[in-house]
file start-v3.tsv (TSV, C-alpha atoms)
chain	number	residue	atom	x	y	z
A	288	MET	CA	92.42	79.37	89.06
A	289	ALA	CA	89.25	79.13	86.96
A	290	SER	CA	89.53	82.78	85.91
A	291	ARG	CA	93.11	82.21	84.86
A	292	LEU	CA	92.09	79.26	82.69
A	293	ARG	CA	89.40	81.33	81.02
A	294	SER	CA	91.96	83.99	80.11
A	295	VAL	CA	94.14	81.63	78.10
A	296	SER	CA	93.72	81.71	74.33
A	297	GLN	CA	94.88	79.06	71.89
A	298	ALA	CA	96.12	78.97	68.33
A	299	MET	CA	97.40	76.29	66.02
A	300	ILE	CA	101.17	76.36	65.63
A	301	THR	CA	103.15	74.50	63.00
A	302	VAL	CA	106.24	72.57	64.02
A	303	LEU	CA	108.23	72.89	60.83
A	304	ARG	CA	110.98	70.32	60.43
A	305	PRO	CA	113.36	71.43	57.67
A	306	PRO	CA	114.81	68.65	55.53
A	307	THR	CA	118.33	69.86	56.33
A	308	LYS	CA	120.13	69.66	59.67
A	309	ARG	CA	118.53	72.88	60.86
A	310	PRO	CA	116.47	72.58	64.05
A	311	PRO	CA	112.65	72.53	63.92
A	312	GLN	CA	110.85	75.88	63.84
A	313	LEU	CA	107.61	76.88	65.55
A	314	VAL	CA	105.59	78.84	62.98
A	315	LEU	CA	102.59	80.94	63.97
A	316	GLU	CA	100.21	83.04	61.89
A	317	VAL	CA	99.95	86.55	63.33
A	318	GLU	CA	98.84	90.00	62.30
A	319	ILE	CA	101.41	92.80	62.23
A	320	GLU	CA	100.02	96.30	61.75
A	321	GLY	CA	96.94	94.71	60.18
A	322	ILE	CA	98.93	92.53	57.78
A	323	LEU	CA	98.71	88.75	58.07
A	324	ALA	CA	102.11	87.07	58.25
A	325	GLU	CA	103.79	83.87	59.32
A	326	ALA	CA	106.27	84.26	62.15
A	327	VAL	CA	108.74	81.95	63.86
A	328	VAL	CA	108.76	81.87	67.66
A	329	ASP	CA	112.38	82.67	68.55
A	330	THR	CA	112.81	82.72	72.32
A	331	GLY	CA	116.56	83.18	71.89
A	332	GLY	CA	116.13	86.33	69.82
A	333	VAL	CA	115.38	89.98	70.35
A	334	TYR	CA	112.65	92.20	68.89
A	335	LEU	CA	110.10	91.40	66.26
A	336	PHE	CA	112.16	90.90	63.11
A	337	TYR	CA	110.02	91.88	60.18
A	338	HIS	CA	110.50	90.37	56.75
A	339	PRO	CA	112.11	93.07	54.57
A	340	GLN	CA	109.81	92.48	51.60
A	341	ILE	CA	106.58	92.20	53.55
A	342	GLY	CA	107.77	95.26	55.45
A	343	ARG	CA	107.45	97.30	52.28
A	344	ARG	CA	103.66	96.89	52.55
A	345	LEU	CA	103.73	98.99	55.72
A	346	SER	CA	105.13	102.01	53.90
A	347	LEU	CA	107.13	102.98	56.98
A	348	THR	CA	109.13	106.18	56.84
A	349	PRO	CA	112.39	106.91	58.70
A	350	THR	CA	110.65	109.71	60.61
A	351	GLU	CA	108.45	107.10	62.29
A	352	ALA	CA	111.46	105.04	63.39
A	353	LEU	CA	112.60	104.79	67.00
A	354	SER	CA	116.20	104.76	65.84
A	355	GLY	CA	118.51	105.57	63.00
A	356	VAL	CA	119.96	102.79	60.87
A	357	GLN	CA	121.34	100.06	63.12
A	358	THR	CA	123.38	97.00	62.27
A	359	ILE	CA	122.46	93.74	63.94
A	360	ARG	CA	124.26	90.44	63.48
A	361	PHE	CA	121.54	88.02	62.48
A	362	ARG	CA	122.41	84.37	61.95
A	363	GLY	CA	125.98	85.30	61.16
A	364	VAL	CA	125.07	88.06	58.73
A	365	LEU	CA	125.14	91.80	59.42
A	366	VAL	CA	121.70	93.25	58.69
A	367	HIS	CA	120.93	96.97	58.44
A	368	GLY	CA	117.58	98.29	59.56
A	369	ARG	CA	115.65	100.57	61.88
A	370	LEU	CA	113.65	100.04	65.04
A	371	TYR	CA	109.93	100.83	65.00
A	372	ARG	CA	107.06	100.36	67.39
A	373	LEU	CA	104.67	97.97	65.64
A	374	THR	CA	101.41	96.40	66.74
A	375	LEU	CA	101.37	92.60	66.83
A	376	THR	CA	98.19	90.55	67.27
A	377	PHE	CA	98.25	86.91	68.32
A	378	LEU	CA	95.24	85.44	66.50
A	379	ALA	CA	93.23	82.95	68.53
A	380	ASP	CA	91.48	79.84	67.29
A	381	GLU	CA	89.89	79.62	70.75
A	382	GLY	CA	89.55	82.55	73.12
A	383	GLU	CA	90.41	86.15	72.46
A	384	ASP	CA	93.10	87.71	70.31
A	385	VAL	CA	95.85	89.50	72.21
A	386	THR	CA	97.40	92.66	70.76
A	387	ILE	CA	100.71	94.04	71.99
A	388	GLN	CA	103.03	96.81	71.01
A	389	THR	CA	106.43	95.48	70.08
A	390	THR	CA	109.85	96.85	69.37
A	391	ALA	CA	110.36	95.77	65.79
A	392	PHE	CA	113.49	95.65	63.67
A	393	VAL	CA	112.59	96.34	60.06
A	394	PRO	CA	115.50	95.64	57.70
A	395	GLU	CA	116.27	98.11	54.96
A	396	PRO	CA	114.55	97.09	51.70
A	397	ASP	CA	117.82	96.12	50.02
A	398	GLU	CA	118.38	93.44	52.68
A	399	ALA	CA	115.69	91.28	51.08
A	400	GLU	CA	118.11	89.39	48.86
A	401	HIS	CA	120.01	88.13	51.92
A	402	TRP	CA	116.95	87.17	53.92
A	403	GLY	CA	116.48	83.68	52.49
A	404	ASP	CA	113.45	81.59	53.41
A	405	LEU	CA	112.90	83.04	56.86
A	406	PRO	CA	109.52	84.52	57.73
A	407	CYS	CA	109.16	87.15	60.44
A	408	LEU	CA	110.66	86.29	63.83
A	409	LEU	CA	109.15	86.85	67.25
A	410	GLY	CA	112.06	87.42	69.64
A	411	LEU	CA	111.76	87.44	73.41
A	412	TYR	CA	113.06	90.90	74.27
A	413	GLY	CA	110.68	93.65	73.20
A	414	CYS	CA	108.10	91.20	71.88
A	415	LEU	CA	107.24	87.79	73.38
A	416	GLU	CA	108.09	89.00	76.89
A	417	ARG	CA	104.91	91.08	76.78
A	418	VAL	CA	102.63	88.02	76.81
A	419	ARG	CA	102.42	84.79	78.73
A	420	PHE	CA	102.83	81.87	76.40
A	421	ALA	CA	103.35	78.13	76.29
A	422	VAL	CA	103.78	75.63	73.49
A	423	ASP	CA	102.65	72.03	73.27
A	424	PRO	CA	104.55	70.77	70.21
A	425	ARG	CA	102.94	67.32	70.30
A	426	ILE	CA	99.50	68.66	69.45
A	427	GLU	CA	100.82	71.83	67.78
A	428	ARG	CA	99.10	74.30	70.09
A	429	PHE	CA	100.27	77.75	71.17
A	430	TYR	CA	98.69	79.06	74.38
A	431	PHE	CA	98.82	82.75	75.17
A	432	GLY	CA	97.41	85.55	77.29
A	433	PRO	CA	98.31	89.08	78.37
A	434	ALA	CA	101.23	89.20	80.77
A	435	GLU	CA	99.86	91.83	83.11
A	436	GLU	CA	97.07	89.57	84.38
A	437	VAL	CA	99.62	87.52	86.29
A	438	SER	CA	99.68	88.62	89.93
B	18	MET	CA	107.47	113.97	81.13
B	19	ALA	CA	107.63	113.38	77.37
B	20	THR	CA	103.87	112.85	77.28
B	21	ALA	CA	103.28	116.07	79.20
B	22	GLY	CA	105.61	117.96	76.89
B	23	ALA	CA	103.87	116.63	73.80
B	24	ALA	CA	100.48	117.57	75.25
B	25	ARG	CA	101.66	121.10	75.99
B	26	TYR	CA	103.34	121.57	72.60
B	27	PRO	CA	101.30	119.37	70.22
B	28	ASP	CA	102.96	120.80	67.10
B	29	HIS	CA	106.49	120.01	68.25
B	30	ALA	CA	107.62	117.04	66.17
B	31	GLU	CA	110.52	115.98	68.41
B	32	LEU	CA	108.39	116.05	71.55
B	33	ALA	CA	105.67	114.06	69.80
B	34	LYS	CA	108.22	111.46	68.74
B	35	SER	CA	109.71	111.27	72.25
B	36	ALA	CA	106.26	110.74	73.72
B	37	ARG	CA	105.58	107.93	71.27
B	38	VAL	CA	108.96	106.24	71.77
B	39	LEU	CA	108.91	106.43	75.57
B	40	ALA	CA	105.26	105.54	76.14
B	41	PRO	CA	104.85	102.22	77.95
B	42	PRO	CA	103.79	99.39	75.63
B	43	THR	CA	100.13	98.45	75.79
B	44	VAL	CA	98.49	95.03	75.80
B	45	THR	CA	94.85	94.54	74.81
B	46	ARG	CA	92.65	91.55	74.16
B	47	ALA	CA	89.51	91.34	72.08
B	48	SER	CA	87.21	88.95	70.31
B	49	ARG	CA	87.72	89.26	66.59
B	50	PRO	CA	85.02	89.37	63.97
B	51	LEU	CA	85.68	86.45	61.67
B	52	THR	CA	87.00	88.49	58.75
B	53	ALA	CA	89.91	86.20	58.01
B	54	ASP	CA	89.56	82.50	58.48
B	55	ILE	CA	92.90	81.94	60.15
B	56	ARG	CA	92.23	78.30	60.95
B	57	ALA	CA	91.49	77.56	57.28
B	58	ASN	CA	94.82	79.10	56.26
B	59	ARG	CA	96.65	76.96	58.79
B	60	VAL	CA	94.92	73.80	57.59
B	61	TRP	CA	95.82	74.63	53.99
B	62	LEU	CA	99.44	75.26	54.89
B	63	LYS	CA	99.66	72.01	56.79
B	64	ALA	CA	98.39	70.09	53.77
B	65	HIS	CA	100.26	71.91	50.99
B	66	ARG	CA	103.40	73.45	52.44
B	67	GLN	CA	105.69	70.98	50.70
B	68	ASP	CA	103.85	71.28	47.36
B	69	TYR	CA	104.81	74.97	47.13
B	70	ALA	CA	108.20	74.81	48.84
B	71	GLY	CA	110.44	77.71	47.82
B	72	GLN	CA	107.56	79.84	46.48
B	73	TRP	CA	105.66	82.86	47.71
B	74	ILE	CA	101.98	82.11	48.19
B	75	ALA	CA	98.88	84.22	48.86
B	76	LEU	CA	96.03	82.68	50.89
B	77	ARG	CA	92.62	84.00	51.82
B	78	ASN	CA	90.27	81.98	54.02
B	79	GLY	CA	92.09	78.78	53.21
B	80	HIS	CA	92.02	79.30	49.44
B	81	LEU	CA	95.15	79.72	47.35
B	82	LEU	CA	94.95	82.99	45.42
B	83	ALA	CA	98.36	82.87	43.77
B	84	ALA	CA	101.83	81.37	43.92
B	85	ALA	CA	104.95	82.98	42.49
B	86	PRO	CA	108.72	82.75	42.69
B	87	SER	CA	109.11	86.28	44.09
B	88	PHE	CA	107.21	88.66	46.32
B	89	ASP	CA	106.84	91.25	43.58
B	90	ALA	CA	105.43	88.66	41.17
B	91	LEU	CA	102.98	87.52	43.84
B	92	VAL	CA	101.74	91.02	44.57
B	93	ALA	CA	101.16	91.52	40.85
B	94	HIS	CA	98.67	88.62	40.92
B	95	VAL	CA	96.70	89.75	43.98
B	96	ASP	CA	94.35	92.69	43.51
B	97	GLU	CA	93.03	93.07	47.06
B	98	THR	CA	95.47	92.20	49.85
B	99	HIS	CA	93.16	92.75	52.82
B	100	ASP	CA	92.86	89.55	54.87
B	101	VAL	CA	95.42	87.88	52.61
B	102	LEU	CA	98.30	85.93	54.08
B	103	MET	CA	101.41	86.35	51.94
B	104	THR	CA	104.34	84.23	52.94
B	105	LYS	CA	107.35	82.43	51.51
B	106	LEU	CA	107.41	78.72	52.10
B	107	PRO	CA	110.88	77.34	52.87
B	108	ALA	CA	112.52	75.30	50.13
call {"tool": "encode", "arguments": {"input": "start-v3.tsv", "output": "structure tokens"}}
result
Amino acid sequence: MASRLRSVSQAMITVLRPPTKRPPQLVLEVEIEGILAEAVVDTGGVYLFYHPQIGRRLSLTPTEALSGVQTIRFRGVLVHGRLYRLTLTFLADEGEDVTIQTTAFVPEPDEAEHWGDLPCLLGLYGCLERVRFAVDPRIERFYFGPAEEVS
Amino acid sequence: MATAGAARYPDHAELAKSARVLAPPTVTRASRPLTADIRANRVWLKAHRQDYAGQWIALRNGHLLAAAPSFDALVAHVDETHDVLMTKLPA
């Protein structure tokens, strides 16, 4: 039990409560392919959804993509993009950082105008499922560790 | 099999891509040298998020480098983007 406790890292998470009727969001600062970004924890979603404008900083080329152009319905809007394998690092305030390889959906650059205020999104499938995690929203803490240490 | 094929034919682009796509995802953990003060950024955002609502901001080590209405305008104000958090704050 003690070794398990030592393996858990912590980071501050922001519980963002929009002024509108939208539900609260859990916002985390992470590093994606070496670029710092804010990301919303989206346990109901799939993939790492990368912000189309920040995604331009990666200079990704279609030859690096895992797929051709795909269309995904995202919050009621059809978004065009490609799947890539991107490295995501959960940055710890206490403990060690954890780096995973994710399946990431990077929208085509011209999707930026439809993206709105959303940051990047950490979906469950292909992303969050590769770590253990827990959230304590009262004290705004995100706990995480590598999934494969669980026996 | 894809990995073996890519190793045997290292110049074959399709095999190399298949090996990369089909490789099992890795998970690593490491202590980070304190190159970016992540906690300072989070504290700044907690205090000022509403002040810059609707804008793109650039932060380094808890210090605001620039704020702009668009990503392109923000990038134009930031010379060195290493260890810089660029994000859009919801309106």
call {"tool": "atom_distance", "arguments": {"input": "start-v3.tsv", "atom1": "atom CA of B:Asn58", "atom2": "atom CA of B:Asn78"}}
result
5.8 Å
call {"tool": "residues_near_point", "arguments": {"input": "start-v3.tsv", "point": "(93.7, 88.9, 63.4)", "cutoff": "10 Å", "atoms": "all atoms listed in the file", "output": "number ranges by chain"}}
result
A: 316-323, 375-379, 384-386; B: 47-55, 100
call {"tool": "write_last_selection", "arguments": {"input": "start-v3.tsv", "atoms": "C-alpha atoms", "output": "CSV table (one decimal), in the frame of the given file"}}
result
chain,number,residue,atom,x,y,z
A,316,GLU,CA,100.2,83.0,61.9
A,317,VAL,CA,100.0,86.6,63.3
A,318,GLU,CA,98.8,90.0,62.3
A,319,ILE,CA,101.4,92.8,62.2
A,320,GLU,CA,100.0,96.3,61.8
A,321,GLY,CA,96.9,94.7,60.2
A,322,ILE,CA,98.9,92.5,57.8
A,323,LEU,CA,98.7,88.8,58.1
A,375,LEU,CA,101.4,92.6,66.8
A,376,THR,CA,98.2,90.6,67.3
A,377,PHE,CA,98.2,86.9,68.3
A,378,LEU,CA,95.2,85.4,66.5
A,379,ALA,CA,93.2,83.0,68.5
A,384,ASP,CA,93.1,87.7,70.3
A,385,VAL,CA,95.8,89.5,72.2
A,386,THR,CA,97.4,92.7,70.8
B,47,ALA,CA,89.5,91.3,72.1
B,48,SER,CA,87.2,89.0,70.3
B,49,ARG,CA,87.7,89.3,66.6
B,50,PRO,CA,85.0,89.4,64.0
B,51,LEU,CA,85.7,86.4,61.7
B,52,THR,CA,87.0,88.5,58.8
B,53,ALA,CA,89.9,86.2,58.0
B,54,ASP,CA,89.6,82.5,58.5
B,55,ILE,CA,92.9,81.9,60.2
B,100,ASP,CA,92.9,89.6,54.9
call {"tool": "interface_residues", "arguments": {"input": "start-v3.tsv", "of": "chain B", "to": "chain A", "cutoff": "6 Å", "atoms": "all atoms listed in the file", "output": "PDB file with C-alpha atoms, in the frame of the given file"}}
result
ATOM      1  CA  PRO B  42     103.790  99.390  75.630  1.00  0.00           C
ATOM      2  CA  THR B  43     100.130  98.450  75.790  1.00  0.00           C
ATOM      3  CA  VAL B  44      98.490  95.030  75.800  1.00  0.00           C
ATOM      4  CA  THR B  45      94.850  94.540  74.810  1.00  0.00           C
ATOM      5  CA  ARG B  46      92.650  91.550  74.160  1.00  0.00           C
ATOM      6  CA  ALA B  47      89.510  91.340  72.080  1.00  0.00           C
ATOM      7  CA  SER B  48      87.210  88.950  70.310  1.00  0.00           C
ATOM      8  CA  LEU B 102      98.300  85.930  54.080  1.00  0.00           C
ATOM      9  CA  PRO B 107     110.880  77.340  52.870  1.00  0.00           C
TER      10      PRO B 107
END
call {"tool": "atom_distance", "arguments": {"input": "start-v3.tsv", "atom1": "atom CA of A:Arg360", "atom2": "atom CA of A:Leu415"}}
result
19.9 Å
call {"tool": "axis_aligned_box", "arguments": {"input": "start-v3.tsv", "around": "stretch 57-66 of chain B", "padding_each_side": "3 Å", "output": "lines of an AutoDock Vina configuration file"}}
result
center_x = 97.4
center_y = 74.6
center_z = 54.9
size_x = 17.9
size_y = 15.0
size_z = 13.8
call {"tool": "residues_around", "arguments": {"input": "start-v3.tsv", "residues": "stretch 61-77 of chain B", "least_positions_apart": "4", "cutoff": "9 Å", "atoms": "only C-alpha atoms", "output": "ChimeraX atom specification"}}
result
/A:301,404 /B:53-57,81-88,90-92,95,98-108
call {"tool": "closest_residue", "arguments": {"input": "start-v3.tsv", "among": "A:Leu370, A:Glu398, A:Phe361, A:Pro424", "to": "A:Gly331", "atoms": "all atoms listed in the file"}}
result
A:Phe361
call {"tool": "closest_residue", "arguments": {"input": "start-v3.tsv", "among": "B:Ala21, B:Arg59, B:His80, B:Ala93", "to": "B:Leu39", "atoms": "only C-alpha atoms"}}
result
B:Ala21
call {"tool": "atom_distance", "arguments": {"input": "start-v3.tsv", "atom1": "atom CA of A:His401", "atom2": "atom CA of A:Leu365"}}
result
9.8 Å
call {"tool": "residues_around", "arguments": {"input": "start-v3.tsv", "residues": "A:Leu335", "least_positions_apart": "5", "cutoff": "6 Å", "atoms": "all atoms listed in the file", "output": "CSV table (one decimal) with C-alpha atoms, in the coordinates of the input"}}
result
chain,number,residue,atom,x,y,z
A,391,ALA,CA,110.4,95.8,65.8
A,408,LEU,CA,110.7,86.3,63.8
A,409,LEU,CA,109.2,86.8,67.2
A,410,GLY,CA,112.1,87.4,69.6
A,414,CYS,CA,108.1,91.2,71.9
call {"tool": "residues_around", "arguments": {"input": "start-v3.tsv", "residues": "A:Gly342", "least_positions_apart": "4", "cutoff": "9 Å", "atoms": "all atoms listed in the file", "output": "PyMOL selection string"}}
result
chain A and resi 337-338+346-347+393-396
